[in-house]
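input_22.cif (mmCIF, C-alpha atoms)
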```
data_model
#
loop_
_atom_site.label_atom_id
_atom_site.label_comp_id
_atom_site.auth_asym_id
_atom_site.auth_seq_id
_atom_site.Cartn_x
_atom_site.Cartn_y
_atom_site.Cartn_z
CA MET A 612 7.39 -15.07 -14.81
CA SER A 613 6.07 -13.65 -18.05
CA ALA A 614 2.63 -12.06 -17.89
CA ARG A 615 1.66 -13.98 -21.01
CA GLU A 616 1.52 -17.17 -18.95
CA ASP A 617 -1.18 -15.68 -16.74
CA ALA A 618 -4.18 -15.52 -19.08
CA VAL A 619 -6.42 -13.90 -16.47
CA VAL A 620 -4.08 -10.95 -16.08
CA TRP A 621 -2.96 -10.81 -19.72
CA ASN A 622 -6.43 -10.60 -21.27
CA ARG A 623 -7.61 -7.60 -19.25
CA TRP A 624 -7.93 -3.90 -19.86
CA TYR A 625 -5.57 -1.57 -17.99
CA PRO A 626 -5.58 2.22 -17.74
CA LEU A 627 -2.53 4.09 -19.02
CA GLY A 628 -3.45 7.43 -17.47
CA SER A 629 -5.83 10.29 -18.01
CA PRO A 630 -5.74 11.78 -21.52
CA THR A 631 -5.29 15.25 -19.99
CA ASP A 632 -2.14 14.16 -18.14
CA ILE A 633 -0.77 12.26 -21.13
CA ARG A 634 -1.19 15.35 -23.33
CA ARG A 635 0.13 17.77 -20.75
CA ARG A 636 3.26 15.73 -20.12
CA ASN A 637 3.53 14.59 -23.72
CA ALA A 638 4.01 11.07 -22.32
CA THR A 639 4.66 8.84 -25.30
CA ARG A 640 6.21 5.89 -23.52
CA THR A 641 4.93 3.75 -20.68
CA ARG A 642 5.03 0.14 -19.60
CA LEU A 643 2.47 -2.56 -18.98
CA LEU A 644 3.01 -6.11 -17.72
CA GLY A 645 6.73 -5.93 -18.50
CA HIS A 646 6.24 -4.64 -22.07
CA ASP A 647 7.07 -1.21 -23.43
CA ILE A 648 4.05 0.69 -24.73
CA ASP A 649 4.36 3.51 -27.24
CA LEU A 650 1.65 6.13 -27.22
CA GLU A 651 0.83 8.36 -30.16
CA ILE A 652 -1.05 11.53 -29.35
CA HIS A 653 -3.45 12.52 -32.12
CA LYS A 654 -5.71 15.57 -32.21
CA THR A 655 -8.79 13.79 -30.91
CA TRP A 656 -7.57 10.45 -29.63
CA ILE A 657 -4.55 8.56 -28.34
CA SER A 658 -3.33 5.31 -29.86
CA ALA A 659 -1.08 2.68 -28.31
CA SER A 660 1.26 0.05 -29.68
CA SER A 661 3.70 -2.51 -28.34
CA ASP A 662 6.71 -3.44 -30.52
CA SER A 663 4.87 -1.86 -33.47
CA ARG A 664 1.83 -4.04 -32.80
CA PRO A 665 -1.23 -1.78 -32.53
CA LEU A 666 -3.20 -2.31 -29.35
CA PRO A 667 -6.90 -1.80 -28.74
CA VAL A 668 -7.58 1.54 -27.08
CA THR A 669 -10.66 3.00 -25.49
CA GLU A 670 -11.37 6.01 -23.31
CA ARG A 671 -13.56 5.46 -20.29
CA LEU A 672 -13.96 6.81 -16.76
CA GLY A 673 -11.47 9.55 -17.60
CA TYR A 674 -8.65 7.16 -18.55
CA VAL A 675 -7.13 5.70 -21.68
CA TRP A 676 -7.40 1.91 -21.46
CA THR A 677 -5.55 -0.73 -23.43
CA SER A 678 -4.94 -4.46 -23.38
CA LEU A 679 -2.06 -6.63 -24.53
CA GLY A 680 -4.24 -9.72 -24.86
CA LYS A 681 -7.75 -10.48 -26.05
CA PRO A 682 -10.23 -9.14 -23.50
CA ASP A 683 -13.78 -10.43 -23.71
CA GLY A 684 -15.79 -7.23 -23.63
CA PRO A 685 -15.06 -3.60 -22.75
CA PRO A 686 -13.27 -2.36 -19.60
CA GLN A 687 -15.26 -2.44 -16.39
CA GLN A 688 -18.33 -0.24 -16.20
CA LEU A 689 -19.25 2.45 -13.73
CA LEU A 690 -22.22 4.14 -15.37
CA GLU A 691 -22.81 6.40 -12.38
CA TYR A 692 -19.55 8.16 -13.25
CA TYR A 693 -21.40 9.93 -16.04
CA GLU A 694 -24.26 11.29 -13.91
CA VAL A 695 -24.56 15.06 -14.33
CA ASP A 696 -24.51 15.98 -10.62
CA ARG A 697 -21.15 14.36 -9.97
CA LEU A 698 -17.75 15.87 -9.40
CA VAL A 699 -15.32 13.59 -11.23
CA MET A 700 -11.55 13.74 -11.44
CA ASN A 701 -8.36 11.74 -11.63
CA ILE A 702 -6.82 12.23 -8.18
CA TRP A 703 -3.40 11.26 -9.42
CA SER A 704 -1.42 8.60 -11.23
CA THR A 705 1.55 7.73 -9.08
CA PRO A 706 4.25 5.06 -9.41
CA ILE A 707 4.57 2.70 -6.44
CA LYS A 708 7.31 0.13 -5.99
CA CYS A 709 5.41 -3.07 -5.21
CA SER A 710 2.94 -5.45 -6.82
CA GLY A 711 -0.30 -3.78 -7.91
CA LEU A 712 -2.26 -6.49 -6.10
CA ARG A 713 -1.06 -4.96 -2.84
CA ILE A 714 -2.97 -1.71 -3.32
CA VAL A 715 -6.26 -3.54 -3.73
CA ASP A 716 -5.49 -5.40 -0.52
CA ASN A 717 -4.73 -2.05 1.12
CA VAL A 718 -7.94 -0.35 -0.05
CA ILE A 719 -10.27 -3.10 1.21
CA ASP A 720 -8.61 -3.18 4.63
CA ASN A 721 -10.26 -0.91 7.21
CA ALA A 722 -8.17 -1.94 10.19
CA HIS A 723 -5.25 0.29 9.20
CA PHE A 724 -7.23 3.55 9.10
CA PRO A 725 -6.54 4.69 12.69
CA PHE A 726 -2.80 4.14 12.33
CA LEU A 727 -1.89 5.15 8.82
CA HIS A 728 -4.55 7.82 8.36
CA PRO A 729 -5.02 9.12 11.90
CA ASN A 730 -7.81 11.69 12.28
CA ILE A 731 -8.63 11.44 8.59
CA LEU A 732 -10.12 7.99 8.03
CA GLY A 733 -10.00 6.69 11.59
CA ASP A 734 -8.79 7.36 15.10
CA GLU A 735 -7.57 5.25 17.96
CA ASN A 736 -10.62 5.92 20.14
CA HIS A 737 -12.96 4.23 17.68
CA LEU A 738 -11.52 0.86 16.76
CA ASP A 739 -14.81 -0.95 16.23
CA LEU A 740 -15.00 -2.58 12.81
CA VAL A 741 -17.95 -4.36 11.27
CA PRO A 742 -16.65 -6.76 8.63
CA GLY A 743 -18.69 -6.94 5.46
CA GLU A 744 -20.13 -9.87 3.58
CA ALA A 745 -18.17 -11.31 0.69
CA SER A 746 -19.92 -12.62 -2.39
CA VAL A 747 -19.11 -13.31 -6.03
CA ASP A 748 -21.65 -12.16 -8.62
CA ALA A 749 -22.66 -13.79 -11.92
CA ALA A 750 -19.98 -11.86 -13.82
CA GLY A 751 -17.30 -13.22 -11.49
CA ALA A 752 -16.67 -9.98 -9.60
CA LEU A 753 -15.93 -10.09 -5.90
CA TRP A 754 -18.17 -7.88 -3.73
CA LEU A 755 -17.36 -6.94 -0.15
CA LYS A 756 -20.55 -5.36 1.13
CA SER A 757 -21.30 -2.96 3.98
CA GLN A 758 -18.06 -2.77 5.90
CA LYS A 759 -18.42 -0.22 8.66
CA ALA A 760 -15.73 1.92 10.23
CA TRP A 761 -15.52 5.17 12.15
CA LEU A 762 -14.91 8.23 9.95
CA PRO A 763 -13.59 11.25 11.89
CA LEU A 764 -14.23 13.58 8.94
CA THR A 765 -18.00 13.17 9.40
CA ASN A 766 -17.87 12.21 13.08
CA SER A 767 -19.94 9.11 12.41
CA VAL A 768 -19.73 5.53 11.27
CA ALA A 769 -19.29 5.21 7.52
CA GLU A 770 -20.35 2.27 5.41
CA TYR A 771 -18.27 1.00 2.52
CA THR A 772 -18.86 -1.51 -0.26
CA TYR A 773 -16.12 -2.73 -2.57
CA ARG A 774 -16.32 -4.19 -6.07
CA ILE A 775 -13.33 -6.09 -7.42
CA SER A 776 -14.04 -7.07 -11.01
CA ASP A 777 -10.39 -7.21 -12.12
CA PRO A 778 -7.47 -8.55 -10.06
CA TYR A 779 -5.69 -5.21 -10.31
CA SER A 780 -8.53 -2.82 -9.54
CA VAL A 781 -11.12 -1.99 -6.95
CA VAL A 782 -14.08 0.39 -6.87
CA LEU A 783 -15.13 1.72 -3.49
CA PHE A 784 -18.78 2.65 -2.94
CA ILE A 785 -19.20 5.05 -0.02
CA HIS A 786 -22.78 4.77 1.23
CA ARG A 787 -24.64 8.08 1.52
CA PRO A 788 -26.90 8.21 4.58
CA THR A 789 -28.86 11.18 3.18
CA THR A 790 -29.62 9.59 -0.18
CA PRO A 791 -29.87 5.81 0.29
CA GLY A 792 -29.23 3.88 -2.88
CA ARG A 793 -26.75 6.42 -4.20
CA TYR A 794 -23.05 6.22 -3.56
CA ASP A 795 -19.89 8.27 -3.77
CA TYR A 796 -17.27 6.38 -5.76
CA LEU A 797 -13.53 6.02 -5.54
CA GLY A 798 -11.83 3.85 -8.13
CA ILE A 799 -8.30 2.56 -7.72
CA PHE A 800 -6.98 1.06 -10.94
CA ALA A 801 -3.45 -0.32 -11.00
CA GLN A 802 -1.39 -0.27 -14.17
CA PRO A 803 1.11 -3.08 -13.49
CA LEU A 804 4.42 -2.00 -15.04
CA ASP A 805 5.86 -5.37 -14.06
CA GLU A 806 5.40 -7.79 -11.19
CA GLU A 807 6.94 -5.45 -8.62
CA ASN A 808 6.04 -1.97 -9.87
CA PHE A 809 2.77 -0.32 -10.75
CA ILE A 810 1.13 3.04 -11.31
CA ALA A 811 -1.91 3.71 -9.17
CA HIS A 812 -4.64 5.59 -11.00
CA LYS A 813 -7.15 6.94 -8.52
CA LEU A 814 -10.53 8.17 -9.63
CA LEU A 815 -13.05 10.18 -7.65
CA ALA A 816 -16.75 10.48 -8.59
CA TRP A 817 -18.70 12.07 -5.77
CA ILE A 818 -22.10 13.73 -5.81
CA ARG A 819 -21.34 17.43 -5.85
CA GLU A 820 -22.13 19.33 -2.67
CA ASP A 821 -21.76 22.97 -1.67
CA TRP A 822 -18.78 22.42 0.62
CA MET A 823 -16.70 20.70 -1.99
CA ASP A 824 -13.62 22.48 -3.16
CA GLU A 825 -11.95 20.65 -6.00
CA ARG A 826 -8.38 21.57 -5.06
CA GLN A 827 -8.89 20.78 -1.41
CA LEU A 828 -10.56 17.45 -2.17
CA LYS A 829 -7.73 16.49 -4.47
CA ALA A 830 -5.07 17.46 -1.92
CA ASP A 831 -6.79 15.48 0.84
CA GLN A 832 -7.16 12.37 -1.28
CA GLN A 833 -3.56 12.62 -2.45
CA SER A 834 -2.45 12.92 1.15
CA ILE A 835 -4.22 9.66 1.99
CA SER A 836 -2.65 7.93 -1.02
CA ALA A 837 0.81 9.17 -0.10
CA GLN A 838 0.43 7.66 3.37
CA ASP A 839 -0.56 4.35 1.79
CA LYS A 840 2.41 4.54 -0.58
CA TYR A 841 4.72 4.75 2.42
CA VAL A 842 3.58 1.45 3.87
CA LEU A 843 3.00 -0.34 0.56
CA GLU A 844 6.65 0.08 -0.38
CA ARG A 845 7.82 -1.14 3.01
CA HIS A 846 6.48 -4.66 2.71
CA VAL A 847 9.31 -7.17 2.96
CA HIS A 848 8.02 -9.01 -0.12
CA LYS A 849 7.07 -6.87 -3.09
CA LYS A 850 4.57 -9.46 -4.30
CA LEU A 851 1.32 -10.36 -2.57
CA PRO A 852 1.65 -13.66 -0.68
CA LEU A 853 -1.04 -16.15 -1.70
CA ASN A 854 0.73 -19.04 -0.04
CA GLY A 855 -0.73 -18.56 3.42
CA ALA A 856 2.57 -17.53 4.99
CA GLU A 857 1.01 -14.47 6.62
CA THR A 858 -0.65 -14.54 10.01
CA SER A 859 -4.26 -13.40 9.82
CA ILE A 860 -6.81 -12.59 12.49
CA GLU A 861 -10.59 -12.49 12.40
CA VAL A 862 -10.86 -8.84 11.29
CA ASP A 863 -8.85 -9.66 8.17
CA SER A 864 -11.81 -11.36 6.49
CA SER A 865 -11.91 -8.99 3.48
CA SER A 866 -8.24 -9.43 2.87
CA LEU A 867 -8.64 -13.21 3.04
CA SER A 868 -11.63 -13.15 0.68
CA TYR A 869 -9.57 -11.24 -1.87
CA ARG A 870 -6.72 -13.74 -1.62
CA GLU A 871 -9.21 -16.60 -1.93
CA TRP A 872 -10.75 -14.96 -5.03
CA LEU A 873 -7.30 -14.48 -6.62
CA ARG A 874 -6.49 -18.15 -5.99
CA ALA A 875 -9.85 -19.25 -7.43
CA ASN A 876 -9.14 -17.17 -10.56
CA HIS A 877 -5.61 -18.61 -10.84
CA VAL A 878 -3.94 -15.18 -10.66
CA THR A 879 -0.19 -15.63 -10.29
CA TYR A 880 1.33 -12.49 -11.86
CA GLY A 881 2.43 -10.21 -9.03
CA ALA A 882 1.70 -12.87 -6.41
CA MET A 883 3.82 -15.25 -4.34
CA THR A 884 2.46 -18.74 -4.75
CA MET B 479 26.83 -21.97 15.99
CA THR B 480 27.83 -18.81 14.23
CA SER B 481 27.25 -15.47 15.86
CA TYR B 482 27.46 -12.21 14.01
CA VAL B 483 28.15 -8.61 14.92
CA VAL B 484 25.06 -6.80 13.72
CA ALA B 485 25.42 -3.30 15.19
CA LEU B 486 27.42 -1.03 17.46
CA GLU B 487 25.93 -0.88 20.92
CA LYS B 488 26.13 2.92 21.01
CA ASP B 489 23.97 3.17 17.88
CA VAL B 490 21.06 1.43 19.57
CA ARG B 491 19.46 4.28 21.47
CA ASP B 492 16.26 4.53 23.44
CA TYR B 493 13.08 5.18 21.46
CA SER B 494 14.77 4.62 18.14
CA ILE B 495 15.13 1.79 15.70
CA VAL B 496 18.20 0.43 13.95
CA ARG B 497 18.23 -1.65 10.80
CA SER B 498 20.84 -4.24 9.97
CA MET B 499 21.38 -7.50 8.15
CA MET B 500 22.42 -10.99 9.17
CA GLY B 501 23.37 -12.76 5.97
CA ASP B 502 20.41 -12.08 3.72
CA LYS B 503 18.01 -11.59 6.62
CA PRO B 504 16.90 -8.02 7.35
CA LEU B 505 17.02 -7.16 11.04
CA VAL B 506 15.30 -4.64 13.25
CA ILE B 507 17.22 -3.76 16.40
CA TRP B 508 15.74 -1.76 19.26
CA ARG B 509 16.38 -1.05 22.91
CA GLY B 510 13.40 -1.59 25.18
CA ALA B 511 12.50 0.13 28.44
CA SER B 512 14.37 -2.59 30.37
CA GLY B 513 17.59 -1.51 28.66
CA ALA B 514 18.00 -4.83 26.88
CA ILE B 515 18.66 -4.86 23.15
CA ASN B 516 16.31 -6.89 20.96
CA VAL B 517 17.27 -8.26 17.56
CA TRP B 518 14.37 -9.49 15.43
CA LEU B 519 13.67 -10.39 11.85
CA ASP B 520 12.54 -7.11 10.25
CA ARG B 521 9.15 -8.48 9.25
CA CYS B 522 5.79 -8.16 10.94
CA PRO B 523 4.10 -11.59 11.10
CA HIS B 524 0.77 -10.04 10.06
CA ARG B 525 1.18 -8.49 6.60
CA PHE B 526 4.96 -8.66 6.31
CA VAL B 527 5.61 -4.93 6.59
CA ARG B 528 9.03 -4.01 7.95
CA LEU B 529 8.91 -3.60 11.69
CA SER B 530 11.59 -0.94 11.30
CA ALA B 531 9.01 1.28 9.61
CA GLY B 532 7.14 1.38 12.92
CA ARG B 533 7.93 3.07 16.22
CA ASN B 534 9.87 2.14 19.34
CA MET B 535 7.54 3.20 22.16
CA GLY B 536 9.90 2.10 24.92
CA GLY B 537 7.88 -0.71 26.42
CA TYR B 538 6.87 -2.08 23.06
CA LEU B 539 7.43 -1.82 19.31
CA GLU B 540 4.45 -0.58 17.32
CA GLY B 541 3.80 -1.71 13.74
CA VAL B 542 3.19 1.08 11.28
CA TYR B 543 0.35 -0.53 9.34
CA HIS B 544 -2.17 -1.81 11.88
CA GLY B 545 -0.67 -0.62 15.15
CA TRP B 546 0.10 -4.07 16.54
CA GLN B 547 2.16 -3.86 19.72
CA PHE B 548 5.07 -6.26 20.22
CA GLU B 549 6.47 -6.66 23.72
CA GLU B 550 10.18 -7.19 24.27
CA SER B 551 9.88 -10.97 24.17
CA GLY B 552 8.58 -10.63 20.60
CA LYS B 553 5.02 -11.63 21.46
CA VAL B 554 2.08 -9.56 20.27
CA MET B 555 0.58 -8.00 23.39
CA LEU B 556 -2.15 -5.95 21.72
CA VAL B 557 -3.98 -6.00 18.40
CA PRO B 558 -5.99 -2.76 18.42
CA ALA B 559 -8.60 -3.99 15.94
CA MET B 560 -9.41 -6.90 18.28
CA GLN B 561 -10.77 -4.55 20.96
CA GLY B 562 -9.12 -6.30 23.85
CA ARG B 563 -10.28 -9.73 22.78
CA PRO B 564 -7.40 -12.16 23.18
CA ALA B 565 -5.16 -12.31 20.16
CA HIS B 566 -3.82 -15.62 19.01
CA ASP B 567 -0.38 -16.64 20.03
CA ILE B 568 1.49 -14.48 17.50
CA SER B 569 5.13 -13.56 17.76
CA ALA B 570 7.85 -11.82 15.81
CA THR B 571 10.91 -13.87 14.84
CA VAL B 572 13.39 -13.25 17.67
CA TYR B 573 17.12 -13.94 17.47
CA SER B 574 19.41 -14.79 20.32
CA THR B 575 21.43 -11.70 21.26
CA ALA B 576 24.46 -10.73 23.31
CA VAL B 577 26.35 -7.50 23.89
CA ALA B 578 30.13 -7.70 24.14
CA GLY B 579 32.95 -5.26 23.50
CA GLY B 580 30.64 -2.50 22.38
CA PHE B 581 29.11 -4.72 19.70
CA VAL B 582 25.67 -6.20 19.43
CA TRP B 583 25.89 -9.86 18.47
CA ALA B 584 23.13 -12.04 17.15
CA SER B 585 22.67 -15.62 16.10
CA GLU B 586 19.93 -17.87 14.82
CA GLU B 587 21.00 -20.37 17.44
CA GLU B 588 22.46 -19.74 20.89
CA CYS B 589 24.50 -16.53 20.66
CA SER B 590 28.06 -16.74 21.98
CA PRO B 591 30.34 -13.89 20.92
CA SER B 592 33.54 -15.47 22.17
CA GLY B 593 33.05 -18.79 20.49
CA SER B 594 32.19 -17.26 17.17
CA ALA B 595 33.93 -18.82 14.24
CA GLY B 596 32.26 -16.86 11.48
CA GLU B 597 33.35 -13.63 9.90
CA PRO B 598 31.76 -10.75 11.74
CA CYS B 599 29.25 -9.21 9.39
CA TYR B 600 28.83 -5.61 10.29
CA PRO B 601 27.17 -3.85 7.42
CA VAL B 602 28.28 -0.37 8.37
CA HIS B 603 26.11 1.28 5.79
CA ILE B 604 22.95 -0.26 7.15
CA ALA B 605 23.55 -0.67 10.88
CA ALA B 606 22.81 2.90 11.78
CA PRO B 607 19.77 4.62 13.17
CA VAL B 608 17.00 4.67 10.63
CA ASP B 609 17.20 8.43 10.21
CA GLN B 610 20.86 8.17 9.22
CA VAL B 611 20.56 5.35 6.73
CA ARG B 612 21.98 6.50 3.46
CA LEU B 613 19.26 6.91 0.91
CA HIS B 614 21.03 4.99 -1.82
CA VAL B 615 21.28 1.80 0.22
CA ASP B 616 17.58 1.13 0.03
CA SER B 617 16.50 1.42 -3.57
CA SER B 618 13.33 -0.60 -3.07
CA VAL B 619 11.36 2.32 -1.69
CA ASP B 620 10.76 5.93 -2.54
CA HIS B 621 12.47 7.89 0.19
CA LEU B 622 10.32 10.92 -0.35
CA THR B 623 7.47 10.26 2.03
CA PRO B 624 4.50 12.36 3.01
CA TRP B 625 6.46 13.20 6.13
CA GLY B 626 9.57 14.52 4.44
CA VAL B 627 12.61 12.77 3.04
CA ASP B 628 12.91 9.33 4.65
CA GLY B 629 13.51 9.91 8.34
CA SER B 630 12.02 7.98 11.17
CA MET B 631 8.29 7.56 11.13
CA VAL B 632 6.69 10.86 11.90
CA TYR B 633 2.96 11.01 11.78
CA PRO B 634 1.33 13.65 9.60
CA THR B 635 0.53 16.94 11.20
CA GLY B 636 -2.96 17.26 9.84
CA ASP B 637 -2.21 20.83 8.88
CA PRO B 638 -3.68 21.04 5.37
CA ALA B 639 -1.37 23.82 4.21
CA GLN B 640 1.70 21.84 5.16
CA ARG B 641 0.31 18.65 3.64
CA ARG B 642 -0.28 20.47 0.39
CA ALA B 643 3.27 21.80 0.33
CA GLU B 644 4.67 18.31 0.98
CA LEU B 645 2.50 16.83 -1.71
CA SER B 646 3.46 19.33 -4.35
CA ALA B 647 7.09 18.49 -3.61
CA ILE B 648 6.33 14.80 -4.11
CA ARG B 649 4.39 15.49 -7.28
CA ARG B 650 7.23 17.55 -8.72
CA ARG B 651 9.70 14.79 -8.01
CA LEU B 652 7.50 12.07 -9.43
CA GLU B 653 6.99 14.05 -12.61
CA GLU B 654 10.70 14.61 -12.99
CA SER B 655 11.54 10.92 -12.52
#
```

Encoded form using structure tokens:
Amino acid sequence: MSAREDAVVWNRWYPLGSPTDIRRRNATRTRLLGHDIDLEIHKTWISASSDSRPLPVTERLGYVWTSLGKPDGPPQQLLEYYEVDRLVMNIWSTPIKCSGLRIVDNVIDNAHFPFLHPNILGDENHLDLVPGEASVDAAGALWLKSQKAWLPLTNSVAEYTYRISDPYSVVLFIHRPTTPGRYDYLGIFAQPLDEENFIAHKLLAWIREDWMDERQLKADQQSISAQDKYVLERHVHKKLPLNGAETSIEVDSSSLSYREWLRANHVTYGAMT
Amino acid sequence: MTSYVVALEKDVRDYSIVRSMMGDKPLVIWRGASGAINVWLDRCPHRFVRLSAGRNMGGYLEGVYHGWQFEESGKVMLVPAMQGRPAHDISATVYSTAVAGGFVWASEEECSPSGSAGEPCYPVHIAAPVDQVRLHVDSSVDHLTPWGVDGSMVYPTGDPAQRRAELSAIRRRLEES
């Protein structure tokens, strides 16, 4: 199908990459929703066009964002990203061969941690999961609050909250036991190249602490993403099934809430309906 | 009542997984601890990940994504996230199988090698152990994985230095492509 037929997906902002990477690689061509995008790198900004049609461009959260349609309002906000005591970076922008909806489904799923990320995000001796509560806020964003899972890195149970304000992106709030009310953030923003290919842009915005080593942190996060890439590309269907063909169990509640939210928003691009 | 040759018997070794096709259906073929050969649809009923991306543990096949364990009959015998609570009655799609003349035969109905009328479909390029599958056959995935180039599923070592080296190789390749 053409992305134009899916107004919800068409009229959204999508990241095209971090300006640093675009400049370093002199990347002047990319794709979005099945359309070629030309980038022009100016001294102080980057402009985008599709078939000579200029597109709106804005820089936010360390990425260049654009839209092919008519978005109502700016790209999603994460004001905490700009707090002075945070370490922020683009972990990487990597191409993955499946629908971008699948990575959101992967991020909100805690049950795979012990198997795909053994001894990093989970281990087989601590399989207890506390599913979170799903709610939709006034702006239409889906929230999955307070999911709990064992985190071997800290040797304790970690608490996660997810915000899905766009079909193709998710922001993870990692609760901080030492400073309640503040969170460490991970943002995963998919740039759908077409229905079965996307680029995953992964953002990190954590409160800086003494132990943090930027290179190490980046390598660890990339390692986790590479493990996810392995399984994401090995789904039999590249698109996310919204037709109920999958078998789900009770611990899949987040995954089911996301599918329900996509159905309620009539998202069909990148989905099997 | 068509049966198909889907693999050579000698290719289906203990503790390894073979991929094949029957028509347009992807197959996962594995030999269990009992010595019997199982031919299933290569699709986990849970989130539709290929079962062939998982591991043959002898007594059961383990899914790569959530660690579900499938016994030889195809039924799910353990869902780790359920903590021993009874899982629902979930099963992989199992095909009827027979071994004859060094070939593994399979059919969607009752498998009978002798009475087969159909053309044997033995996709030589695919019916080989996963670690020998030619890279170009499967263009739908990136064969460079965090655990090296394709290969059977090997879990990460956890050694940060090695992980970094693997990742820089991946990054270099992604930037070149």

Residues of chain A near chain B: apply a cut-off of 6 Å, count all atoms listed in the file, and supply the list as a list in words.
->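 Output check: His723, Phe726, Leu738, Ala837, Glu844, Arg845, His846, Val847, Glu857 and Thr858 of chain A.
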
Choose the residue, out of A:Gly645, A:Gly680, A:Pro706, A:Gly673, that has the smallest atom-to-atom separation from Tyr693 (chain A); count all atoms listed in the file.
->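 Nearest to Tyr693 (chain A): A:Gly673.
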
Name the residues captured by the PyMOL selection byres ((chain A and resi 666-669) around 9) when it is applied to the shown file; answer as an MDAnalysis selection string.
-> chainID A and resid 657:661 664:665 670:671 674:680 685:686

Would you work out the distance separating CA of Leu505 (chain B) from CA of Asp839 (chain A), expressed in Å to one decimal?
->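 Calculated distance between CA of Leu505 (chain B) and CA of Asp839 (chain A) is 23.0 Å.
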
If we count all atoms listed in the file, what is near Asp777 (chain A) at a cut-off of 10 Å, once residues fewer than 4 positions away on the same chain are taken out, given as a PyMOL selection string?
-> chain A and resi 619-620+623-625+686-687+751-753+781-782+800-801+873

Using only C-alpha atoms, please write the residues we just selected to a file, as a PDB file, keeping the file's coordinate frame.
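Heads up, here's the output in result_34.pdb:
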```
ATOM      1  CA  VAL A 619      -6.420 -13.900 -16.470  1.00  0.00           C
ATOM      2  CA  VAL A 620      -4.080 -10.950 -16.080  1.00  0.00           C
ATOM      3  CA  ARG A 623      -7.610  -7.600 -19.250  1.00  0.00           C
ATOM      4  CA  TRP A 624      -7.930  -3.900 -19.860  1.00  0.00           C
ATOM      5  CA  TYR A 625      -5.570  -1.570 -17.990  1.00  0.00           C
ATOM      6  CA  PRO A 686     -13.270  -2.360 -19.600  1.00  0.00           C
ATOM      7  CA  GLN A 687     -15.260  -2.440 -16.390  1.00  0.00           C
ATOM      8  CA  GLY A 751     -17.300 -13.220 -11.490  1.00  0.00           C
ATOM      9  CA  ALA A 752     -16.670  -9.980  -9.600  1.00  0.00           C
ATOM     10  CA  LEU A 753     -15.930 -10.090  -5.900  1.00  0.00           C
ATOM     11  CA  VAL A 781     -11.120  -1.990  -6.950  1.00  0.00           C
ATOM     12  CA  VAL A 782     -14.080   0.390  -6.870  1.00  0.00           C
ATOM     13  CA  PHE A 800      -6.980   1.060 -10.940  1.00  0.00           C
ATOM     14  CA  ALA A 801      -3.450  -0.320 -11.000  1.00  0.00           C
ATOM     15  CA  LEU A 873      -7.300 -14.480  -6.620  1.00  0.00           C
TER      16      LEU A 873
END
```

When the PyMOL selection byres ((chain A and resi 816) around 8) is applied to the file above, which residues end up in the set, as a CSV table (one decimal) with C-alpha atoms, in the coordinates of the input?
```
chain,number,residue,atom,x,y,z
A,692,TYR,CA,-19.6,8.2,-13.2
A,697,ARG,CA,-21.2,14.4,-10.0
A,698,LEU,CA,-17.8,15.9,-9.4
A,699,VAL,CA,-15.3,13.6,-11.2
A,700,MET,CA,-11.6,13.7,-11.4
A,795,ASP,CA,-19.9,8.3,-3.8
A,796,TYR,CA,-17.3,6.4,-5.8
A,797,LEU,CA,-13.5,6.0,-5.5
A,814,LEU,CA,-10.5,8.2,-9.6
A,815,LEU,CA,-13.0,10.2,-7.6
A,817,TRP,CA,-18.7,12.1,-5.8
A,818,ILE,CA,-22.1,13.7,-5.8
```

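With distances taken over all atoms listed in the file, B:Asn534 is the one residue among B:Ser590, B:Ser481, B:Ser551, B:Asn534 lying closest to Ile507 (chain B).
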
Extract, using all atoms listed in the file, all DNA, RNA and protein residues at most 9 Å from Asp492 (chain B), discarding same-chain residues fewer than 2 positions from it, and format them as an NGL selection string.
-> :B and (490 or 494-495 or 508-511 or 513 or 534-536)

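Under the PyMOL selection byres ((chain A and resi 849) around 7), the matching residues in the shown file are Cys709, Ser710, Glu807, His846, Val847, His848, Lys850 and Leu851 of chain A.
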
Write the residues of the selection above to a file with C-alpha atoms, as an mmCIF file, in the frame of the given file.
```
data_model
loop_
_atom_site.group_PDB
_atom_site.id
_atom_site.type_symbol
_atom_site.label_atom_id
_atom_site.label_comp_id
_atom_site.auth_asym_id
_atom_site.auth_seq_id
_atom_site.Cartn_x
_atom_site.Cartn_y
_atom_site.Cartn_z
ATOM 1 C CA CYS A 709 5.410 -3.070 -5.210
ATOM 2 C CA SER A 710 2.940 -5.450 -6.820
ATOM 3 C CA GLU A 807 6.940 -5.450 -8.620
ATOM 4 C CA HIS A 846 6.480 -4.660 2.710
ATOM 5 C CA VAL A 847 9.310 -7.170 2.960
ATOM 6 C CA HIS A 848 8.020 -9.010 -0.120
ATOM 7 C CA LYS A 850 4.570 -9.460 -4.300
ATOM 8 C CA LEU A 851 1.320 -10.360 -2.570
#
```

To one decimal in Å, tell me the separation between CA of Ile719 (chain A) and CA of Pro852 (chain A).
->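 Answer for the CA of Ile719 (chain A) to CA of Pro852 (chain A) separation: 16.0 Å.
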
Which value, in Å to one decimal, gives the distance between CA of Leu627 (chain A) and CA of Gln688 (chain A)?
->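 Taking CA of Leu627 (chain A) as the start and CA of Gln688 (chain A) as the end point, the length is 16.6 Å.
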
With all atoms listed in the file as the atoms that count, which of A:Leu867, A:Ala750, A:Leu644, A:Leu690 lies nearest to Asp720 (chain A)?
-> A:Leu867

Contacts of Lys759 (chain A) at 8 Å (only C-alpha atoms; same-chain gap of 4+ positions) as a VMD selection string = chain A and resid 740 to 743 768 to 771
